[in-house]
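Okay, so here's the structure we're looking at.
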Amino acid sequence: MSFQAYLDNIEDRTGLTPRQFVELAKERGLDSPSVKAGTIVEWLKQDYGLGRGHAMALVHVIKKGPEIGTKHVGSAGTHRDESHLLWLDGKGNRPAS
């Protein structure tokens, strides 16, 4: 599953876009550099029922923003992404590629 597919799946499950999760985390102070990933994962598990893999995808965008490494960008593998920038504003609003 691609990184973007994880984020799209989270939106399907929760009705919230990745950008909304970033804002919620910011309101709770969870975007601070001192906050550990486990704290964010626990919040997402308790409040939204997300498993570790999906939660860790959100941890990345909360802590590091939408840019990802290019290792799988444009590859043919199952983890391929179309771009090194993740779309955070909802899959229904994503521009056509």
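Here, A, B, ... name the chains of the structure tokens in the order displayed, residue numbers run from 1 inside each chain, and ligands are numbered from 1 in the same displayed order.
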
- Message: as a ChimeraX atom specification, please: every residue in chain A that DSSP puts in helix (DSSP H, G or I).
- Response: /A:3-14,18-27,37-48,52-64,91-93

Written selection (N, CA and C atoms) as a short mmCIF file (atom, residue, chain, number, x, y, z; two decimals), in the first residue's frame:
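Ended up saving to again-v6.cif:
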data_model
loop_
_atom_site.label_atom_id
_atom_site.label_comp_id
_atom_site.auth_asym_id
_atom_site.auth_seq_id
_atom_site.Cartn_x
_atom_site.Cartn_y
_atom_site.Cartn_z
N PHE A 3 1.98 5.22 0.60
CA PHE A 3 1.83 6.16 1.71
C PHE A 3 0.51 6.92 1.52
N GLN A 4 0.27 7.40 0.30
CA GLN A 4 -0.95 8.15 0.03
C GLN A 4 -2.19 7.28 0.25
N ALA A 5 -2.10 6.00 -0.11
CA ALA A 5 -3.24 5.09 0.09
C ALA A 5 -3.55 4.93 1.58
N TYR A 6 -2.52 4.91 2.42
CA TYR A 6 -2.76 4.88 3.86
C TYR A 6 -3.58 6.09 4.29
N LEU A 7 -3.18 7.27 3.82
CA LEU A 7 -3.89 8.50 4.20
C LEU A 7 -5.31 8.50 3.66
N ASP A 8 -5.50 8.04 2.44
CA ASP A 8 -6.85 7.96 1.87
C ASP A 8 -7.72 6.99 2.67
N ASN A 9 -7.14 5.88 3.08
CA ASN A 9 -7.86 4.89 3.86
C ASN A 9 -8.27 5.45 5.22
N ILE A 10 -7.40 6.24 5.83
CA ILE A 10 -7.72 6.89 7.11
C ILE A 10 -8.90 7.83 6.93
N GLU A 11 -8.91 8.57 5.83
CA GLU A 11 -10.03 9.47 5.55
C GLU A 11 -11.33 8.68 5.39
N ASP A 12 -11.28 7.55 4.68
CA ASP A 12 -12.46 6.70 4.53
C ASP A 12 -12.97 6.20 5.88
N ARG A 13 -12.06 5.81 6.75
CA ARG A 13 -12.43 5.26 8.06
C ARG A 13 -12.98 6.30 9.03
N THR A 14 -12.40 7.49 8.99
CA THR A 14 -12.72 8.49 10.03
C THR A 14 -13.54 9.67 9.54
N PRO A 18 -6.25 14.18 6.22
CA PRO A 18 -4.97 14.28 6.93
C PRO A 18 -4.71 15.69 7.46
N ARG A 19 -5.07 16.71 6.70
CA ARG A 19 -4.87 18.09 7.15
C ARG A 19 -5.66 18.35 8.43
N GLN A 20 -6.86 17.81 8.53
CA GLN A 20 -7.65 17.98 9.76
C GLN A 20 -6.96 17.30 10.94
N PHE A 21 -6.36 16.14 10.71
CA PHE A 21 -5.61 15.49 11.79
C PHE A 21 -4.41 16.32 12.21
N VAL A 22 -3.73 16.94 11.26
CA VAL A 22 -2.60 17.80 11.59
C VAL A 22 -3.08 18.95 12.49
N GLU A 23 -4.20 19.54 12.15
CA GLU A 23 -4.75 20.64 12.96
C GLU A 23 -5.16 20.17 14.35
N LEU A 24 -5.81 19.01 14.43
CA LEU A 24 -6.21 18.46 15.73
C LEU A 24 -4.98 18.19 16.59
N ALA A 25 -3.95 17.64 15.99
CA ALA A 25 -2.70 17.36 16.73
C ALA A 25 -2.09 18.67 17.22
N LYS A 26 -2.10 19.68 16.38
CA LYS A 26 -1.54 20.98 16.75
C LYS A 26 -2.32 21.57 17.94
N GLU A 27 -3.65 21.48 17.91
CA GLU A 27 -4.48 21.97 19.01
C GLU A 27 -4.14 21.29 20.33
N ALA A 37 6.37 9.61 19.08
CA ALA A 37 5.41 8.99 18.17
C ALA A 37 4.38 8.15 18.91
N GLY A 38 4.82 7.43 19.93
CA GLY A 38 3.91 6.57 20.70
C GLY A 38 2.75 7.33 21.32
N THR A 39 2.99 8.57 21.72
CA THR A 39 1.92 9.39 22.30
C THR A 39 0.86 9.69 21.25
N ILE A 40 1.31 10.01 20.04
CA ILE A 40 0.38 10.30 18.96
C ILE A 40 -0.37 9.03 18.54
N VAL A 41 0.36 7.93 18.44
CA VAL A 41 -0.26 6.65 18.08
C VAL A 41 -1.34 6.28 19.08
N GLU A 42 -1.07 6.46 20.35
CA GLU A 42 -2.07 6.14 21.39
C GLU A 42 -3.30 7.01 21.25
N TRP A 43 -3.13 8.30 21.00
CA TRP A 43 -4.26 9.21 20.79
C TRP A 43 -5.11 8.74 19.61
N LEU A 44 -4.45 8.42 18.49
CA LEU A 44 -5.19 8.00 17.30
C LEU A 44 -5.88 6.66 17.50
N LYS A 45 -5.28 5.79 18.29
CA LYS A 45 -5.89 4.50 18.60
C LYS A 45 -7.12 4.70 19.48
N GLN A 46 -6.96 5.47 20.55
CA GLN A 46 -8.06 5.67 21.51
C GLN A 46 -9.22 6.45 20.92
N ASP A 47 -8.93 7.54 20.22
CA ASP A 47 -9.99 8.42 19.73
C ASP A 47 -10.56 8.01 18.38
N TYR A 48 -9.77 7.32 17.55
CA TYR A 48 -10.21 7.04 16.18
C TYR A 48 -10.11 5.57 15.79
N ARG A 52 -1.59 0.70 14.29
CA ARG A 52 -0.25 1.29 14.30
C ARG A 52 0.22 1.77 12.93
N GLY A 53 0.02 1.00 11.89
CA GLY A 53 0.49 1.39 10.57
C GLY A 53 -0.16 2.67 10.08
N HIS A 54 -1.47 2.74 10.20
CA HIS A 54 -2.17 3.95 9.78
C HIS A 54 -1.79 5.14 10.66
N ALA A 55 -1.69 4.89 11.95
CA ALA A 55 -1.31 5.97 12.87
C ALA A 55 0.09 6.49 12.56
N MET A 56 1.00 5.60 12.23
CA MET A 56 2.36 6.04 11.92
C MET A 56 2.42 6.88 10.64
N ALA A 57 1.52 6.61 9.69
CA ALA A 57 1.44 7.47 8.50
C ALA A 57 1.06 8.89 8.92
N LEU A 58 0.12 9.00 9.84
CA LEU A 58 -0.26 10.33 10.34
C LEU A 58 0.83 10.94 11.19
N VAL A 59 1.54 10.14 11.96
CA VAL A 59 2.66 10.67 12.75
C VAL A 59 3.64 11.38 11.81
N HIS A 60 3.91 10.77 10.69
CA HIS A 60 4.84 11.37 9.74
C HIS A 60 4.35 12.76 9.30
N VAL A 61 3.11 12.87 8.88
CA VAL A 61 2.64 14.17 8.38
C VAL A 61 2.48 15.18 9.51
N ILE A 62 2.18 14.73 10.72
CA ILE A 62 2.08 15.64 11.86
C ILE A 62 3.45 16.18 12.23
N LYS A 63 4.44 15.33 12.24
CA LYS A 63 5.77 15.72 12.69
C LYS A 63 6.66 16.29 11.57
N LYS A 64 6.49 15.80 10.34
CA LYS A 64 7.42 16.16 9.26
C LYS A 64 6.78 16.84 8.06
N LYS A 91 -9.11 13.27 -0.38
CA LYS A 91 -8.95 12.60 -1.68
C LYS A 91 -9.93 13.10 -2.72
N GLY A 92 -11.08 13.61 -2.30
CA GLY A 92 -12.04 14.15 -3.25
C GLY A 92 -11.61 15.49 -3.82
N ASN A 93 -10.63 16.13 -3.19
CA ASN A 93 -10.14 17.43 -3.65
C ASN A 93 -8.81 17.33 -4.37
#

- Item | Point-to-point distance from CA of Ser2 (chain A) to CA of Glu67 (chain A), Å rounded to tenths |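 Between CA of Ser2 (chain A) and CA of Glu67 (chain A) the gap is 13.6 Å.
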
- Message: Report as a ChimeraX atom specification all protein, DNA and RNA residues lying within 8 Å of His84 (chain A), evaluated on only C-alpha atoms, omitting residues in the same chain fewer than 2 positions from it.
- Response: /A:67-70,73,81-82,86

- Item | Straight-line distance linking CA of Leu85 (chain A) with CA of Gly65 (chain A), stated in Å to one decimal | 8.9 Å

- Task: Record the distance separating CA of Met1 (chain A) and CA of Leu88 (chain A), expressed in Å with one decimal.
- Result: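 Pair CA of Met1 (chain A) / CA of Leu88 (chain A) returns 16.8 Å.
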